[in-house]
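Here is the structure we will look at.
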Amino acid sequence: MRRIIPAPTDILAPNVTNVKSKEFDVELITPMYGGGATTGCNDSDFPIRPTSIRGQLRFWWRATRGARFTTSKELFEEEEKIWGSTDVPSSTIVRVESPSWTKRRNYVGPRDDNYGFKRIDPEAYVLFSAAAADTNRRDLVKEDLQFSVSISYVDVCEQDVLCAVWAWVNFGGIGARTRRGCGALYCKDLAPNETKSKESIGAWFKEKMWEYEITLSTTIRDWPTLSNCIFIENTRKYSPLEAWKESIRPMKNFRQGEDVGRDKRTDPRKPAGRSRWPEPDTLRASFPSRRGYAHSPREFIPYGFPRAVFGLPIGFKFIDGDGPNGADRKGLKIKPEKRERMASPVILRPLKTGDNALPMIALFNSNLPPTFEISGTDHTFSREDVINAKLPQYQDSPMENRTNSGDAITALLKFAGENYSFEKVPI
C-alpha cells in the first residue's frame, strides 16, 4: 500500500503566495543503507523520509546553484530564503508517496557472501561498514523501490528547487554511503535520454548548466561544489547494478588490488599481499618502539598519507601487535584534526539513462583540512603529507607514472582510464 509521508512541518512560510508544485517519479536503483530516523537503520513502513530528501536537496543546491556565492554568509542568506532555517520558515515543502517495502538484501555472516554479492566483489568493498555495524543496522533496502516526491515552492525559487532535484537524482542518492553508489536514484524526466557517446552526456550536462544557470566555479569554496570533472565507461550496456559494480572496481583495485595497491599474495588464506601504500609503513616508522610488528618499515617508502584525499576516517588493522600508545590497532584511524570525518570528494555510482546505465566517476571541488591526526596518539600531519611529489616516485608506488603532484585522485582517474576504459566527459 502506498502512503503519503508529509514533512514534519507541512506548512509554508506565512504570507507565501505564487506557490507551484511539481511531482517526480523516482526509482531506487542500488541498495539503500540506512535512511531511517536512526543512523544506519532503515524503516520498512517509511523507507523514504521527506526530512532525508530535504537534507539532500539542500546539499545539492549548495553544490550547484550555491557555487556562485563566494562566502558562506552569502550562501546561507540565500539558502535560508529557499529551504528555511531554525529562525525562518521554509519556502519549500517536500512530500513523499511511498509503499511499505519489506524487500531486503540481508547480512548473513562475517565469513559469508552477503547481500547477494560475493565477498571479493566491488560491492562488498563498499558495504563493509554495513556488514560491520550492529546487528539491527546490517540489512539493506533492496533496489527497485519506486516512490513519488512532490515539492511545493514559491515560483521565484523554481530554478533553485528544480536544479537541486536534478543534481540529487543523477549524482546523489538516499541513505548512507551515497558517494559510493548506495541508494542511487533514477528519474526518467531528469535523466539523459541516450548514451551514444561521452559527447552526448557532455551535451546533456551543459544543457542543464544553461537551463538552471549553474556556474561551476573552479575556485574552491568553503563547502563542496560539483565539478565538471565527470568520467564514464561506455563500452557496453549495463544494468544499474552492473554499472554500480564497474564504477567501484577502479577504486577498489587501485587501493587494494593485487600488484597495484598490494603485493601479490604469498599466503593463500589472504586476498592479497603487503600494502604498497605509504600509510602502514609510515605508522610503523613513526612508532618504532612499539612491539609486535610482523613487518619492518621499508626505508625506500616515504612518509605520507596519500589515501586521505579519498575521505576520512581511514581505519588500519595491524594484526601483529599492540598499537601506538597502547591503543588497539584494530581501532587505529587517521582523521581530520579535532573532527571525526571528511566526506569523500569522489562519487562512484551508476548514471541511468533512457536505454542504459553507465559506470560513472564524478568529483566535487573541495578543500583538504589543514591538519590531520592519528587517533589514540598525539601525532599530527599536514596537507603536504597527503599530496606530495615524492609519493609517486618510490618503487611500486600505486601512483607511479599516474601523477606528478602526488595527488591520489589524479592517479585514480588515470588508472581508471588505463585499465577500465573510463573517459572524461567533454564539458
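A note on labels: chains of the C-alpha cells are A, B, ... as shown, every chain counts residues from 1, and ligands are counted from 1 in their shown order.
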Would you give me, as a Markdown table, each residue of range 341-370 of chain A having an atom within 6 Å of an atom of range 224-238 of chain A, along with its shortest atom pair and that distance in Å to one decimal, using only C-alpha atoms and sorting by chain and residue number?
| residue | atom | partner | partner_atom | distance |
| --- | --- | --- | --- | --- |
| A:Asn356 | CA | A:Lys237 | CA | 5.7 |
| A:Ala357 | CA | A:Tyr238 | CA | 5.3 |
| A:Pro359 | CA | A:Glu233 | CA | 5.5 |
| A:Met360 | CA | A:Ile232 | CA | 4.6 |
| A:Ile361 | CA | A:Phe231 | CA | 5.1 |
| A:Ala362 | CA | A:Ile230 | CA | 4.4 |
| A:Leu363 | CA | A:Ser227 | CA | 5.8 |
| A:Phe364 | CA | A:Leu226 | CA | 4.6 |
| A:Asn365 | CA | A:Thr225 | CA | 5.2 |
| A:Ser366 | CA | A:Pro224 | CA | 4.9 |
Next on the checklist: So that I can see what lies close to Cys163 in chain A, please list as a PyMOL selection string the residues with an atom at most 10 Å from it, counting only C-alpha atoms and leaving out residues fewer than 5 positions away in the same chain.
Outcome noted: chain A and resi 57+60-61+64-65+158+168+190+208-209+211-214
Output the selection as a compact mmCIF listing (two decimals), in the first residue's frame - C-alpha atoms for each residue.
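The result, written out as out23.txt:
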# COMPACT_ATOMS: atom_id res chain seq x y z
CA LEU A 57 18.15 18.83 -1.78
CA TRP A 60 22.78 19.60 -3.80
CA TRP A 61 21.52 23.17 -4.07
CA THR A 64 25.27 23.58 -7.80
CA ARG A 65 23.38 26.87 -7.62
CA GLU A 158 11.76 27.37 -9.11
CA TRP A 168 20.24 14.82 -6.45
CA LEU A 190 15.56 14.30 -15.44
CA LYS A 208 21.40 21.60 -17.69
CA MET A 209 24.09 24.08 -16.70
CA GLU A 211 18.88 25.69 -18.08
CA TYR A 212 19.49 26.06 -14.34
CA GLU A 213 22.02 28.90 -14.70
CA ILE A 214 24.71 26.98 -12.84
Checklist entry - Between A:Ser421, A:Ser91, A:Ser296, A:Thr70, which has the minimum distance to Asp155 in chain A (counting only C-alpha atoms)? => result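 Using only C-alpha atoms, the shortest distance to Asp155 in chain A belongs to A:Ser91.
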Next on the checklist: If we count only C-alpha atoms and set the cut-off at 12 Å, which residues sit around Ile120 in chain A, ignoring sequence neighbours fewer than 4 positions away in its own chain? Please answer as a ChimeraX atom specification.
Outcome noted: /A:111-114,116,124-128,245,249,252-253,256-257,270-272
Item to check | Counting only C-alpha atoms, the option among A:Tyr186, A:Tyr107, A:Trp244, A:Phe254 closest to Leu358 in chain A | outcome: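 Of A:Tyr186, A:Tyr107, A:Trp244, A:Phe254, the one nearest Leu358 in chain A, counting only C-alpha atoms, is A:Trp244.
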Checklist entry - Out of range 186-395 of chain A, which residues get helix (DSSP H, G or I) from DSSP, as a count of residues only? => result 57
Checklist entry - Which residues in range 106-257 of chain A does DSSP call strand (DSSP E)? List them as a PyMOL selection string. => result chain A and resi 140-141+146-154+185-186+225-232
With the cut-off set at 6 Å and counting only C-alpha atoms, tabulate each residue of range 181-215 of chain A with an atom at most that distance from an atom of range 17-31 of chain A, showing the nearest atom pair and its distance in Å to one decimal, ordered by chain and increasing number, as JSON lines.
{"residue": "A:Cys182", "atom": "CA", "partner": "A:Pro31", "partner_atom": "CA", "distance": 5.7}
{"residue": "A:Gly183", "atom": "CA", "partner": "A:Thr30", "partner_atom": "CA", "distance": 5.3}
{"residue": "A:Ala184", "atom": "CA", "partner": "A:Thr30", "partner_atom": "CA", "distance": 5.4}
{"residue": "A:Leu185", "atom": "CA", "partner": "A:Leu28", "partner_atom": "CA", "distance": 4.8}
{"residue": "A:Tyr186", "atom": "CA", "partner": "A:Glu27", "partner_atom": "CA", "distance": 5.2}
{"residue": "A:Cys187", "atom": "CA", "partner": "A:Val26", "partner_atom": "CA", "distance": 4.8}
Checklist entry - What does the distance from CA of Ser405 in chain A to CA of Val346 in chain A come to in Å, to one decimal? => result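 Separation of CA of Ser405 in chain A and CA of Val346 in chain A: 18.1 Å.
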Item to check | Neighbour list for Pro192 in chain A as number ranges by chain, cut-off 10 Å, only C-alpha atoms, skip fewer than 6 positions in-chain | outcome: A: 170, 200-205, 351-356
Checklist entry - Between A:Leu140, A:Val260, A:Ala176, A:Ile334, which one has atoms that come closest to Glu400 in chain A, using only C-alpha atoms? => result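 The answer is A:Val260, which sits nearest to Glu400 in chain A.
Distances here use only C-alpha atoms; by that measure, the residue among A:Phe69, A:Tyr303, A:Phe287, A:Phe46 closest to Ser217 in chain A is A:Phe69.
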Next on the checklist: Between CA of Thr51 in chain A and CA of Ile151 in chain A, what is the distance in Å, rounded to a tenth?
Outcome noted: 12.4 Å
Item to check | All residues 8 Å or closer to Gln56 in chain A, only C-alpha atoms, same chain fewer than 2 positions away omitted, as JSON, numbers by chain | outcome: {"A": [52, 53, 54, 58, 59, 60, 168, 172, 173, 174]}
